[in-house]
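K.L.:
Compact mmCIF, C-alpha atoms, saved as data22.txt, coming up:
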```txt
# COMPACT_ATOMS: atom_id res chain seq x y z
CA GLY A 203 0.00 0.00 0.00
CA THR A 204 0.95 3.65 -0.22
CA VAL A 205 2.56 5.27 2.80
CA GLU A 206 1.56 8.89 3.16
CA GLY A 207 3.49 11.37 5.24
CA LEU A 208 3.03 14.88 6.51
CA VAL A 209 5.70 17.49 7.19
CA SER A 210 4.99 20.51 9.32
CA ASP A 211 7.42 23.32 10.18
CA PHE A 212 7.48 24.92 13.58
CA LYS A 213 8.44 28.61 13.73
CA TRP A 214 8.90 30.85 16.74
CA THR A 215 10.59 34.19 17.34
CA PRO A 216 11.41 34.35 21.06
CA GLY A 217 11.07 37.72 22.77
CA LEU A 218 13.76 39.27 24.95
CA GLY A 219 12.03 37.92 28.03
CA ALA A 220 12.59 34.37 26.82
CA VAL A 221 16.40 34.64 26.79
CA GLY A 222 17.91 32.13 29.19
CA GLY A 223 14.70 30.11 29.50
CA VAL A 224 14.09 26.45 28.68
CA PHE A 225 10.78 25.58 26.99
CA SER A 226 9.09 22.26 26.26
CA LEU A 227 7.52 21.80 22.84
CA CYS A 228 5.24 18.84 22.20
CA ALA A 229 3.63 17.49 19.03
CA GLU A 230 1.36 14.60 18.11
CA ALA A 231 0.46 13.14 14.72
CA VAL A 232 -3.07 11.78 14.33
CA ALA A 233 -4.22 9.85 11.25
CA VAL A 234 -7.67 10.17 9.70
CA ASP A 235 -8.69 7.00 11.48
CA LEU A 236 -7.70 8.69 14.76
CA VAL A 237 -4.66 6.49 15.26
CA SER A 238 -2.14 8.56 17.20
CA SER A 239 1.63 8.53 17.01
CA GLY A 240 1.77 9.47 20.63
CA GLN A 241 3.01 12.72 21.92
CA ARG A 242 6.65 13.66 21.34
CA CYS A 243 8.25 16.45 23.37
CA PHE A 244 11.59 18.21 23.20
CA SER A 245 13.22 21.06 25.05
CA VAL A 246 14.38 24.36 23.57
CA ARG A 247 16.85 26.65 25.32
CA VAL A 248 16.75 30.30 24.22
CA LEU A 249 20.17 31.88 24.06
CA GLY A 250 21.05 35.55 23.70
CA ASP A 251 22.56 36.96 20.53
CA PRO A 252 26.10 35.65 20.01
CA ALA A 253 29.07 37.96 20.30
CA PRO A 254 30.06 39.67 17.03
CA PRO A 255 32.95 38.22 15.02
CA VAL A 256 36.44 38.51 16.50
CA TRP A 257 39.52 39.50 14.52
CA GLU A 258 42.36 37.04 15.09
CA SER A 259 44.80 38.41 12.53
CA PRO A 260 46.49 40.81 12.48
CA ALA A 261 47.25 39.77 16.06
CA GLY A 262 45.46 41.71 18.79
CA GLY A 263 46.40 45.35 18.99
CA ASN A 264 48.58 45.32 15.87
CA THR A 265 46.75 48.16 14.14
CA SER A 266 49.74 50.00 12.65
CA VAL A 267 51.43 48.84 9.45
CA VAL A 268 54.45 50.20 7.55
CA MET A 269 54.54 49.62 3.80
CA ARG A 270 57.32 50.68 1.49
CA MET A 271 57.32 52.17 -1.97
CA LEU A 272 57.38 49.60 -4.79
CA GLN A 273 57.37 46.74 -2.25
CA ARG A 274 54.39 44.40 -2.45
CA SER A 275 52.77 44.07 0.97
CA ASN A 276 50.33 41.35 2.01
CA ILE A 277 48.18 41.40 5.15
CA THR A 278 46.32 38.21 6.01
CA LEU A 279 43.00 38.94 7.70
CA VAL A 280 41.36 36.27 9.87
CA ALA A 281 38.02 36.59 11.67
CA THR A 282 36.11 34.03 13.76
CA ALA A 283 32.56 33.63 15.10
CA VAL A 284 31.47 31.43 18.01
CA ASN A 285 28.50 30.03 16.08
CA PRO A 286 29.87 27.36 13.73
CA TYR A 287 26.70 27.34 11.62
CA VAL A 288 26.77 30.97 10.45
CA SER A 289 28.34 32.10 7.22
CA LEU A 290 31.26 34.46 7.85
CA THR A 291 32.61 36.95 5.32
CA ILE A 292 35.32 39.63 5.23
CA ALA A 293 35.00 42.70 3.00
CA ALA A 294 36.33 46.23 2.72
CA ASP A 295 34.37 48.76 4.77
CA PRO A 296 31.97 50.40 2.29
CA GLN A 297 32.25 53.64 4.26
CA ARG A 298 36.01 53.71 3.57
CA PRO A 299 36.55 52.18 0.12
CA LEU A 300 39.99 50.96 -0.89
CA ALA A 301 42.17 53.30 -2.92
CA PHE A 302 43.20 52.64 -6.51
CA GLY A 303 45.68 49.77 -6.67
CA GLN A 304 44.69 48.35 -3.28
CA TYR A 305 43.14 44.88 -3.49
CA LEU A 306 41.29 42.56 -1.12
CA SER A 307 40.95 38.92 -2.18
CA PRO A 308 37.55 37.21 -2.04
CA SER A 309 36.69 36.01 1.46
CA VAL A 310 37.07 32.26 2.09
CA GLN A 311 35.43 30.42 4.99
CA LEU A 312 37.85 27.74 6.21
CA GLU A 313 35.95 26.53 9.29
CA GLY A 314 32.26 26.08 10.04
CA ARG A 315 29.43 23.56 9.98
CA ALA A 316 27.04 22.83 7.14
CA LEU A 317 25.79 19.51 8.55
CA SER A 318 25.11 18.33 12.08
CA THR A 319 27.84 15.73 11.60
CA ASP A 320 30.49 18.39 10.97
CA THR A 321 32.89 18.88 13.88
CA ALA A 322 33.98 22.54 13.62
CA SER A 323 33.56 24.41 16.88
CA ARG A 324 33.47 27.87 15.28
CA SER A 325 33.31 29.72 11.99
CA LEU A 326 36.55 31.11 10.56
CA ALA A 327 37.05 33.21 7.44
CA THR A 328 40.14 34.70 5.84
CA ALA A 329 41.04 37.20 3.12
CA VAL A 330 44.29 38.79 1.96
CA PHE A 331 44.89 42.51 1.41
CA GLU A 332 47.57 43.41 -1.14
CA TRP A 333 49.14 46.71 -2.13
CA THR A 334 52.32 47.93 -3.78
CA PRO A 335 52.64 51.66 -2.94
CA PRO A 336 53.78 53.55 -6.05
CA VAL A 337 56.71 55.99 -6.18
CA THR A 338 54.32 58.92 -5.62
CA HIS A 339 53.17 57.63 -2.21
CA GLY A 340 56.13 58.44 0.00
CA GLY A 341 54.65 60.05 3.10
CA TYR A 342 51.24 58.43 2.64
CA VAL A 343 49.32 58.02 5.90
CA GLY A 344 45.87 56.47 5.81
CA GLN A 345 43.45 53.94 7.20
CA LEU A 346 42.39 50.57 5.86
CA CYS A 347 39.10 49.32 7.30
CA PHE A 348 37.53 45.88 6.91
CA VAL A 349 34.24 44.39 8.12
CA ALA A 350 33.68 40.79 9.25
CA THR A 351 29.98 39.89 8.96
CA ALA A 352 28.35 36.77 10.42
CA GLY A 353 25.13 35.33 9.07
CA GLY A 354 24.54 38.14 6.62
CA GLY A 355 24.55 40.59 9.51
CA LEU A 356 22.14 38.60 11.73
CA GLY A 357 25.09 37.25 13.69
CA GLY A 358 26.68 40.67 14.12
CA ALA A 359 29.53 42.49 12.43
CA SER A 360 32.92 43.73 13.56
CA THR A 361 35.18 46.38 12.00
CA LEU A 362 38.97 46.34 11.93
CA CYS A 363 40.91 49.48 10.99
CA LEU A 364 44.65 49.56 10.30
CA SER A 365 46.77 52.69 10.19
CA VAL A 366 49.12 52.53 7.20
CA GLU A 367 52.25 54.60 6.71
CA VAL A 368 54.62 54.70 3.73
CA PRO A 369 57.99 56.21 4.72
CA LYS A 370 59.15 59.01 2.47
CA CYS A 371 62.63 59.95 1.21
CA ARG A 372 63.64 56.27 1.48
CA TYR A 373 63.61 53.21 -0.74
CA THR A 374 64.32 49.57 0.11
CA VAL A 375 66.64 47.94 -2.42
CA VAL A 376 65.58 44.76 -4.24
CA GLN A 377 67.69 42.27 -6.15
CA GLY A 378 69.14 43.71 -9.36
CA ASP A 379 68.79 47.35 -8.34
CA THR A 380 71.54 49.83 -9.14
CA TYR A 381 71.68 53.54 -8.41
CA GLN A 382 71.11 54.11 -12.11
CA SER A 383 67.99 51.91 -12.28
CA ILE A 384 66.60 53.41 -9.07
CA ALA A 385 67.20 56.92 -10.41
CA ARG A 386 65.28 56.06 -13.60
CA THR A 387 62.39 54.70 -11.51
CA PHE A 388 62.13 57.91 -9.48
CA GLY A 389 62.96 60.22 -12.38
CA VAL A 390 66.09 61.75 -10.82
CA ASP A 391 69.78 62.13 -11.63
CA TRP A 392 71.68 59.00 -10.60
CA LEU A 393 74.95 60.74 -9.69
CA THR A 394 73.12 63.09 -7.34
CA LEU A 395 71.25 60.09 -5.92
CA TRP A 396 74.55 58.30 -5.34
CA GLY A 397 75.94 61.42 -3.68
CA LEU A 398 72.99 61.60 -1.26
CA ASN A 399 74.01 58.19 0.07
CA VAL A 400 77.38 59.11 1.52
CA ASP A 401 78.16 55.54 2.63
CA ALA A 402 77.66 54.08 -0.85
CA LYS A 403 80.65 51.96 -1.85
CA SER A 404 79.47 50.81 -5.28
CA LYS A 405 76.91 51.56 -7.96
CA SER A 406 74.84 48.60 -6.77
CA PRO A 407 73.47 49.00 -3.22
CA MET A 408 73.00 45.89 -1.14
CA GLU A 409 69.69 44.05 -1.48
CA GLY A 410 67.46 44.80 1.49
CA SER A 411 69.31 47.97 2.43
CA GLU A 412 67.52 51.30 2.71
CA ILE A 413 68.79 54.23 0.70
CA LEU A 414 67.82 57.89 0.44
CA ILE A 415 65.98 58.91 -2.71
CA ALA A 416 65.80 62.54 -1.55
CA ARG A 417 67.09 64.66 1.29
CA GLU A 418 64.91 65.71 4.19
CA TYR A 419 64.33 69.42 4.53
CA THR A 420 62.87 71.09 7.61
CA VAL A 421 60.36 73.74 6.65
CA SER A 422 61.08 77.27 7.93
CA PRO A 423 58.37 79.85 8.68
CA GLY A 424 57.21 81.46 5.44
CA ASP A 425 58.49 78.68 3.19
CA THR A 426 56.40 77.79 0.15
CA LEU A 427 56.80 75.10 -2.46
CA ALA A 428 57.89 77.78 -4.91
CA SER A 429 60.56 79.18 -2.58
CA ILE A 430 61.91 75.73 -1.68
CA SER A 431 62.01 74.60 -5.30
CA GLY A 432 63.89 77.78 -6.21
CA GLU A 433 66.39 77.31 -3.38
CA PHE A 434 67.24 73.74 -4.44
CA GLY A 435 66.99 74.20 -8.20
CA THR A 436 64.14 71.75 -8.53
CA SER A 437 60.46 72.06 -9.47
CA VAL A 438 57.19 72.21 -7.58
CA ALA A 439 56.11 69.12 -9.53
CA SER A 440 59.12 67.22 -8.17
CA LEU A 441 58.29 68.26 -4.60
CA ARG A 442 54.71 67.08 -5.01
CA ARG A 443 55.86 63.77 -6.49
CA LEU A 444 58.18 63.08 -3.55
CA ASN A 445 55.66 64.06 -0.87
CA PHE A 446 52.26 62.41 -1.05
CA GLU A 447 50.73 64.89 1.39
CA LEU A 448 51.61 67.68 -1.07
CA SER A 449 50.29 65.92 -4.16
CA SER A 450 46.92 67.65 -4.39
CA ALA A 451 46.66 70.97 -6.21
CA ARG A 452 45.65 72.81 -3.01
CA ALA A 453 48.25 71.22 -0.73
CA GLY A 454 51.41 73.08 0.12
CA ARG A 455 50.11 76.64 -0.17
CA GLN A 456 50.94 77.03 3.49
CA LEU A 457 53.58 74.65 4.77
CA ALA A 458 53.73 73.93 8.49
CA ALA A 459 56.93 75.24 10.06
CA ASP A 460 59.27 72.46 11.31
CA SER A 461 57.52 69.82 9.17
CA GLN A 462 59.73 67.52 7.09
CA ILE A 463 59.51 67.28 3.32
CA CYS A 464 61.60 65.44 0.74
CA VAL A 465 63.67 67.48 -1.70
CA PHE A 466 65.82 66.20 -4.55
CA PRO A 467 68.35 68.98 -5.23
CA ASN A 468 69.64 69.89 -8.65
CA THR A 469 73.38 69.96 -8.01
CA CYS A 470 74.06 71.28 -11.51
CA THR A 471 72.55 74.72 -10.87
CA ASP A 472 74.79 77.73 -10.40
```
Spit out the file's structure as structure tokens when you get a sec.
P.N.:
Amino acid sequence: GTVEGLVSDFKWTPGLGAVGGVFSLCAEAVAVDLVSSGQRCFSVRVLGDPAPPVWESPAGGNTSVVMRMLQRSNITLVATAVNPYVSLTIAADPQRPLAFGQYLSPSVQLEGRALSTDTASRSLATAVFEWTPPVTHGGYVGQLCFVATAGGGLGGASTLCLSVEVPKCRYTVVQGDTYQSIARTFGVDWLTLWGLNVDAKSKSPMEGSEILIAREYTVSPGDTLASISGEFGTSVASLRRLNFELSSARAGRQLAADSQICVFPNTCTD
């Protein structure tokens, strides 16, 4: 004969007053001939909302990062949630979008449960941020913000912000670099560049060493980009290129006294 079945879903949205309580739910199936399955009961414990996701990497408190011009930097982001059944994602904060050239890989969930037989005790997701600061970003200071979201937002969200700094006036040497190749990259005279690095013993600086690509100048009261460029025989465009904070058209009209800017002097001027 044919066996007929019936499926019924139970739905309930507990109120705040139910948090922490244990409730018994009972059900009974009765056929058309009044044959009963007998009553079946089970208990439901109502828990409060879980804590929002926790950032595990970068390690706690490490919210300041130094990146260097033309050096590819990777930051591995890891977030966890106590509920192993929720989906967990990592994305850039839409309120602070990434700048051009900055990239965040798609989020990947490495731990979690899809089935009751799965054994994960938490949800864990990871993503990788990548950026190679260009030659125009010496002196860059900014924030990178990311959001870990659990359960599409139903399980809470947590924001991580990192302060990023790109040192100016300095470049970290990579394999194959020479003073001539570095000078071409930064658009400067290689002999002057060599002369700025008074300890240079050859035309090929050591891999991993840090060299000057400009000299640091301390701004005096009343200085302007025009006056500084005239003093060192360079151009305002060169000053803007070497100092990210001066790169906008409006920046540099009034320079703060005692601030440091990078200047590449023209040693061939009279």
K.L.:
Counting all atoms listed in the file, what is within 7 Å of Leu364 in chain A, bar same-chain residues fewer than 4 positions away, as a tab-separated table (two decimals) with C-alpha atoms, keeping the file's coordinate frame?
P.N.:
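Full text of out39.tsv as output:
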```tsv
chain	number	residue	atom	x	y	z
A	265	THR	CA	46.75	48.16	14.14
A	266	SER	CA	49.74	50.00	12.65
A	267	VAL	CA	51.43	48.84	9.45
A	345	GLN	CA	43.45	53.94	7.20
A	346	LEU	CA	42.39	50.57	5.86
A	347	CYS	CA	39.10	49.32	7.30
```
K.L.:
I'd like the interatomic distance between CA of Leu326 in chain A and CA of Thr351 in chain A, to a tenth of an Å.
P.N.:
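Between CA of Leu326 in chain A and CA of Thr351 in chain A the gap works out to 11.1 Å.
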K.L.:
Using all atoms listed in the file, list the residues that have an atom at most 6 Å from (63.1, 58.6, -1.0), coordinates as in the file, as a PDB file with C-alpha atoms, in the coordinates of the input.
P.N.:
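Written output follows (result_2.pdb):
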```pdb
ATOM      1  CA  LYS A 370      59.150  59.010   2.470  1.00  0.00           C
ATOM      2  CA  CYS A 371      62.630  59.950   1.210  1.00  0.00           C
ATOM      3  CA  ARG A 372      63.640  56.270   1.480  1.00  0.00           C
ATOM      4  CA  TYR A 373      63.610  53.210  -0.740  1.00  0.00           C
ATOM      5  CA  LEU A 414      67.820  57.890   0.440  1.00  0.00           C
ATOM      6  CA  ILE A 415      65.980  58.910  -2.710  1.00  0.00           C
ATOM      7  CA  ALA A 416      65.800  62.540  -1.550  1.00  0.00           C
TER       8      ALA A 416
END
```
K.L.:
Which residues come within 6 Å of Glu409 in chain A, counting only C-alpha atoms, excluding same-chain residues fewer than 3 positions away, as a ChimeraX atom specification?
P.N.:
/A:375-377
K.L.:
Which residue, A:Val400, A:Leu290, A:Val330, A:Leu362, has the smallest gap to Gly314 in chain A when you use all atoms listed in the file?
P.N.:
A:Leu290
K.L.:
What is the CA of Pro254 in chain A-CA of Val284 in chain A distance in Å, reported with one decimal?
P.N.:
8.4 Å
